[in-house]
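Have a look at the structure below before the remarks.
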Amino acid sequence: MQTDFDILIVGGGMVGASLAGALRDSRLRVGIVEAALPPATDTPGYDDRTVALAYGSRRIFEAMGVWSAIEQRGAAPIERIHISDRGRFGFTRLSAAEAGVPALGYVVANWVIGRSLYDAIAGHTGIEFLCPAIVQSVAFAPQSADVTINIGGNERRLSARLIIAADGADSPIRAAVGIDAQRVEYEQAAIVSSVTPERAHHGTAYERFTETGPLALLPAGPDRCAVVWTVPRDTVDAMLSWDDDTFRARLQECFGERLGNFGRVGKRQAYPLMLTRVREHVRPRLVLIGNAAHTVHPVAGQGFNLGLRDVAALAQVLLESANAGGDIGDLAVLQRYADWRARDNKRVANLTHSLIRLFSNNYLPLAYARNVGLVAVDLLPPLKRAFVRVTSGLGGRLPRLACGLRLTHEHS
C-alpha cells in the first residue's frame, strides 16, 4: 500500500530530530510534525538551557556525522566528576583519564544540538518538515496509520507505515491511543540556572547530595557553570522570586567554597520531576521514544542520553527490516526494538530512583552506609568502571551508532 510517508515522526525536538538524522541517508520517506519553527539563530546566550551528553552519546552523534558541528558551536568537556554527600565524609571522584575516554561527557546548549541536527537534515529530499503543525487525530489500520494535522490553519491528512511518538513527557499521541503512563511523583523540582564561579572549574562537574536534593554544577564554558538544583516542589515559587543576590547567597551556602565566590547568575527556570514508565513502548505501526516513553530524575544526567540510545537502536532495527524488504510497522519488527531497549531503560530508571531514595533519607545508619559506599566506589577501580560504563551509555548490547559505526543503508 502506498503511503505519504514511510515514517512520520511526531515531535521535532532533540530526540525526534536525532531519529531523522540517523535515517537521513536511507531511502525511507520521513516526515516530521513539529509545533515550533526550526531554530533561527547561532547566537549563544548566558541563559541557554544545556544538556549533559554522555560519552556514548558523542559516539552516536559522531557516527551520524553531526558531532563536528556540535563541537564547533560549543561542547564543554566533563573531564572529572566529583560526587559528595554534603556535610558528611563520603565522596567519589571519576576521571576521563581513568576511564580511558577523552571526556566523561559534554555540556552542550540545547540550541546547539537542535541547530546542528536541523542543518544536517534540512534540504534532504527524503525528509519533509511539517511545521508549525499539531496533530488533531490519529487512527490505525492494518497496513498504515492515518494522521490529521493542522498546519498553518489548514487541515491536512497524512498516511504513514509507522508513527513515532517523540512528543515529550505529556505525549498527546500516547494519550490519544490510550497507553497509560505510570508516574512516581518525587515532589521535587529542578531549578535550572547558570553561574560564573570565582575559580576555574577545570572541566570538573560536581554532584552534591544535600538535605533538599542533589545539586549539580556542570562546566558549561570557560567561565560558566550550569546549575541544576533539586528542591522540594513547595519551595519553588519562593526560590524563583528571590533576587539574584539572595539566590547567589543560598546557592553558595548549599554548594560551599570549592569554586570560590559565585559572581553572575543567570535566569532561573523550574521543572517538576517524576519517574515515568509505560507498559507498552510499541504497538502495530506505533513506537514511543524519548520522554514519551520514559522520564527519569536528572540526578545522573541520563534523560536525553536514554532517548538518544532509543534513537540509535530504533534506527538500526528499522533499517535492518527495510533492507530485508520487511514491513517496518509490523509488531514483530517493533517488538525487537522494545525488547532490546527494555534492560537499559530499567537499569537507568532503577539507578536514578535508587540514588534519590538513598540520598533523601537522613536515617543515621543509612547515611553512614551510603557514605561508606561512596568511598568504596572511589577506592575500588572495578566498581568505578562499572558505574562509569552505565552512566556513559557504554553498557549492555550497544547499537552500531553507539559503537561509532555508521548504519548500513542499502540502495542509498
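Letters A, B, ... go to the chains of the C-alpha cells in the order shown; residues in each chain start at 1; ligands are counted from 1 in the same order.
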
Select from range 21-81 of chain A every residue with an atom at most 9 Å from any atom of range 194-199 of chain A, then for each give the shortest pair of atoms and their distance in Å to one decimal, using only C-alpha atoms, rows by chain and rising number, as a Markdown table.
| residue | atom | partner | partner_atom | distance |
| --- | --- | --- | --- | --- |
| A:Tyr46 | CA | A:Ser194 | CA | 7.4 |
| A:Asp47 | CA | A:Ser194 | CA | 6.6 |
| A:Asp48 | CA | A:Ser194 | CA | 8.6 |
| A:Arg49 | CA | A:Ser194 | CA | 8.8 |

Just write the chosen residues, all heavy atoms, as a PDB file, in the first residue's frame.
ATOM      1  N   TYR A  46      23.859  33.702  27.716  1.00  0.00           N
ATOM      2  CA  TYR A  46      24.272  33.249  29.038  1.00  0.00           C
ATOM      3  C   TYR A  46      23.242  32.295  29.636  1.00  0.00           C
ATOM      4  O   TYR A  46      23.587  31.370  30.380  1.00  0.00           O
ATOM      5  CB  TYR A  46      24.468  34.460  29.966  1.00  0.00           C
ATOM      6  CG  TYR A  46      25.120  34.112  31.282  1.00  0.00           C
ATOM      7  CD1 TYR A  46      26.508  34.013  31.389  1.00  0.00           C
ATOM      8  CD2 TYR A  46      24.356  33.864  32.420  1.00  0.00           C
ATOM      9  CE1 TYR A  46      27.117  33.685  32.582  1.00  0.00           C
ATOM     10  CE2 TYR A  46      24.956  33.534  33.623  1.00  0.00           C
ATOM     11  CZ  TYR A  46      26.336  33.447  33.698  1.00  0.00           C
ATOM     12  OH  TYR A  46      26.933  33.112  34.888  1.00  0.00           O
ATOM     13  N   ASP A  47      21.989  32.492  29.306  1.00  0.00           N
ATOM     14  CA  ASP A  47      20.909  31.716  29.929  1.00  0.00           C
ATOM     15  C   ASP A  47      20.459  30.514  29.104  1.00  0.00           C
ATOM     16  O   ASP A  47      19.398  29.947  29.359  1.00  0.00           O
ATOM     17  CB  ASP A  47      19.712  32.633  30.204  1.00  0.00           C
ATOM     18  CG  ASP A  47      20.054  33.722  31.206  1.00  0.00           C
ATOM     19  OD1 ASP A  47      20.610  33.391  32.264  1.00  0.00           O
ATOM     20  OD2 ASP A  47      19.798  34.900  30.914  1.00  0.00           O
ATOM     21  N   ASP A  48      21.243  30.121  28.115  1.00  0.00           N
ATOM     22  CA  ASP A  48      20.860  28.976  27.300  1.00  0.00           C
ATOM     23  C   ASP A  48      20.718  27.719  28.160  1.00  0.00           C
ATOM     24  O   ASP A  48      21.597  27.408  28.974  1.00  0.00           O
ATOM     25  CB  ASP A  48      21.919  28.697  26.227  1.00  0.00           C
ATOM     26  CG  ASP A  48      21.959  29.776  25.158  1.00  0.00           C
ATOM     27  OD1 ASP A  48      20.905  30.368  24.884  1.00  0.00           O
ATOM     28  OD2 ASP A  48      23.043  30.016  24.600  1.00  0.00           O
ATOM     29  N   ARG A  49      19.632  26.987  27.964  1.00  0.00           N
ATOM     30  CA  ARG A  49      19.482  25.694  28.640  1.00  0.00           C
ATOM     31  C   ARG A  49      20.475  24.704  28.057  1.00  0.00           C
ATOM     32  O   ARG A  49      20.783  24.720  26.871  1.00  0.00           O
ATOM     33  CB  ARG A  49      18.058  25.163  28.461  1.00  0.00           C
ATOM     34  CG  ARG A  49      17.058  25.773  29.417  1.00  0.00           C
ATOM     35  CD  ARG A  49      15.822  24.893  29.518  1.00  0.00           C
ATOM     36  NE  ARG A  49      16.125  23.619  30.161  1.00  0.00           N
ATOM     37  CZ  ARG A  49      15.310  22.565  30.153  1.00  0.00           C
ATOM     38  NH1 ARG A  49      14.163  22.615  29.530  1.00  0.00           N
ATOM     39  NH2 ARG A  49      15.644  21.450  30.767  1.00  0.00           N
TER      40      ARG A  49
END

Please, which residues in range 238-299 of chain A fall within 12 Å of range 16-31 of chain A when counting only C-alpha atoms, and what is the closest atom pair and distance in Å to one decimal for each, ordered by chain then residue number, as a Markdown table?
| residue | atom | partner | partner_atom | distance |
| --- | --- | --- | --- | --- |
| A:Val287 | CA | A:Gly16 | CA | 11.7 |
| A:Leu288 | CA | A:Gly16 | CA | 10.6 |
| A:Ile289 | CA | A:Gly16 | CA | 8.4 |
| A:Gly290 | CA | A:Gly16 | CA | 8.3 |
| A:Asn291 | CA | A:Gly16 | CA | 10.6 |
| A:Ala292 | CA | A:Gly16 | CA | 10.8 |

Write a file of the selected residues as an mmCIF file, in the first residue's frame, keeping N, CA, C and O atoms.
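Output below, filename out38.cif:
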data_model
loop_
_atom_site.group_PDB
_atom_site.id
_atom_site.type_symbol
_atom_site.label_atom_id
_atom_site.label_comp_id
_atom_site.auth_asym_id
_atom_site.auth_seq_id
_atom_site.Cartn_x
_atom_site.Cartn_y
_atom_site.Cartn_z
ATOM 1 N N VAL A 287 5.532 3.591 17.701
ATOM 2 C CA VAL A 287 6.634 3.465 18.666
ATOM 3 C C VAL A 287 6.685 4.739 19.508
ATOM 4 O O VAL A 287 6.572 5.848 18.979
ATOM 5 N N LEU A 288 6.857 4.568 20.818
ATOM 6 C CA LEU A 288 7.116 5.702 21.705
ATOM 7 C C LEU A 288 8.612 5.755 22.001
ATOM 8 O O LEU A 288 9.211 4.732 22.346
ATOM 9 N N ILE A 289 9.224 6.953 21.873
ATOM 10 C CA ILE A 289 10.638 7.088 22.192
ATOM 11 C C ILE A 289 10.867 8.340 23.038
ATOM 12 O O ILE A 289 10.014 9.235 23.106
ATOM 13 N N GLY A 290 12.038 8.405 23.662
ATOM 14 C CA GLY A 290 12.383 9.578 24.457
ATOM 15 C C GLY A 290 11.449 9.743 25.638
ATOM 16 O O GLY A 290 10.965 8.771 26.226
ATOM 17 N N ASN A 291 11.163 10.989 25.987
ATOM 18 C CA ASN A 291 10.330 11.272 27.153
ATOM 19 C C ASN A 291 8.895 10.797 27.000
ATOM 20 O O ASN A 291 8.174 10.673 27.993
ATOM 21 N N ALA A 292 8.455 10.541 25.785
ATOM 22 C CA ALA A 292 7.114 9.965 25.593
ATOM 23 C C ALA A 292 7.046 8.555 26.163
ATOM 24 O O ALA A 292 5.980 8.075 26.541
#

Pro38 in chain A surroundings by only C-alpha atoms, 9 Å radius, close-in-sequence under 2 positions cut, as a PyMOL selection string: chain A and resi 12+34+36+40+114-115+118+131-132

8 Å contact set for Cys403 in chain A, only C-alpha atoms, chain neighbours under 4 positions out, as number ranges by chain: A: 56, 59-60, 398-399

Output of the above residues as a PDB file, in the first residue's frame, restricted to N, CA, C and O atoms:
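What follows is the written file selection10.pdb:
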ATOM      1  N   GLY A  56      28.932   8.104  25.396  1.00  0.00           N
ATOM      2  CA  GLY A  56      28.277   7.244  24.411  1.00  0.00           C
ATOM      3  C   GLY A  56      27.411   8.037  23.446  1.00  0.00           C
ATOM      4  O   GLY A  56      27.270   7.664  22.272  1.00  0.00           O
ATOM      5  N   ARG A  59      29.488   9.443  20.681  1.00  0.00           N
ATOM      6  CA  ARG A  59      29.781   8.447  19.637  1.00  0.00           C
ATOM      7  C   ARG A  59      28.600   8.294  18.683  1.00  0.00           C
ATOM      8  O   ARG A  59      28.790   8.115  17.470  1.00  0.00           O
ATOM      9  N   ILE A  60      27.384   8.373  19.208  1.00  0.00           N
ATOM     10  CA  ILE A  60      26.212   8.295  18.332  1.00  0.00           C
ATOM     11  C   ILE A  60      26.201   9.479  17.368  1.00  0.00           C
ATOM     12  O   ILE A  60      26.008   9.317  16.157  1.00  0.00           O
ATOM     13  N   LEU A 398      25.205  -2.717  22.595  1.00  0.00           N
ATOM     14  CA  LEU A 398      25.172  -1.373  22.026  1.00  0.00           C
ATOM     15  C   LEU A 398      24.742  -1.391  20.566  1.00  0.00           C
ATOM     16  O   LEU A 398      25.174  -2.260  19.795  1.00  0.00           O
ATOM     17  N   PRO A 399      23.927  -0.424  20.151  1.00  0.00           N
ATOM     18  CA  PRO A 399      23.629  -0.260  18.731  1.00  0.00           C
ATOM     19  C   PRO A 399      24.893   0.140  17.969  1.00  0.00           C
ATOM     20  O   PRO A 399      25.875   0.624  18.555  1.00  0.00           O
TER      21      PRO A 399
END

Test item, strand (DSSP E) assignment across range 100-347 of chain A, answer as a PyMOL selection string: chain A and resi 105-109+127-130+133-140+145-151+154-165+181-197+204-209+214-221+224-232+262-265+269-278+282-283+286-288+294-295

Residue among A:Thr276, A:Thr210, A:Gln72, A:Thr235 lying closest to Asp85 in chain A, counting only C-alpha atoms: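 Counting only C-alpha atoms, the residue closest to Asp85 in chain A is A:Thr210.
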
Pick from A:Val108, A:Asn305, A:Gly45, A:Phe5, whichever lies nearest to Glu71 in chain A using only C-alpha atoms: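 With only C-alpha atoms as the atom set, the closest residue is A:Val108.
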
Where in range 185-237 of chain A does DSSP assign helix (DSSP H, G or I), given as a CSV table (one decimal) with C-alpha atoms, in the first residue's frame?
chain,number,residue,atom,x,y,z
A,233,ARG,CA,8.3,21.5,45.0
A,234,ASP,CA,6.6,23.6,47.6
A,235,THR,CA,9.7,25.9,47.8
A,236,VAL,CA,9.9,26.6,44.0
A,237,ASP,CA,7.8,29.8,43.8

Selected residue of minimal separation from Asp180 in chain A among A:Asp119, A:Glu62, A:Glu128, A:Glu280, counting only C-alpha atoms: A:Glu280

Straight-line distance linking CA of Ala176 in chain A with CA of Gln302 in chain A, stated in Å to one decimal: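 Taking CA of Ala176 in chain A as the start and CA of Gln302 in chain A as the end point, the length is 27.2 Å.
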
Within 6 Å of Gly213 in chain A using only C-alpha atoms, minus same-chain residues under 3 positions, as a list in words: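 Residues near the query, excluding close chain neighbours: Phe209, Thr210, Thr230 and Val231 of chain A.
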
Between CA of Ala35 in chain A and CA of Leu8 in chain A - distance in Å to one decimal: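 Distance between the two atoms: 14.1 Å.
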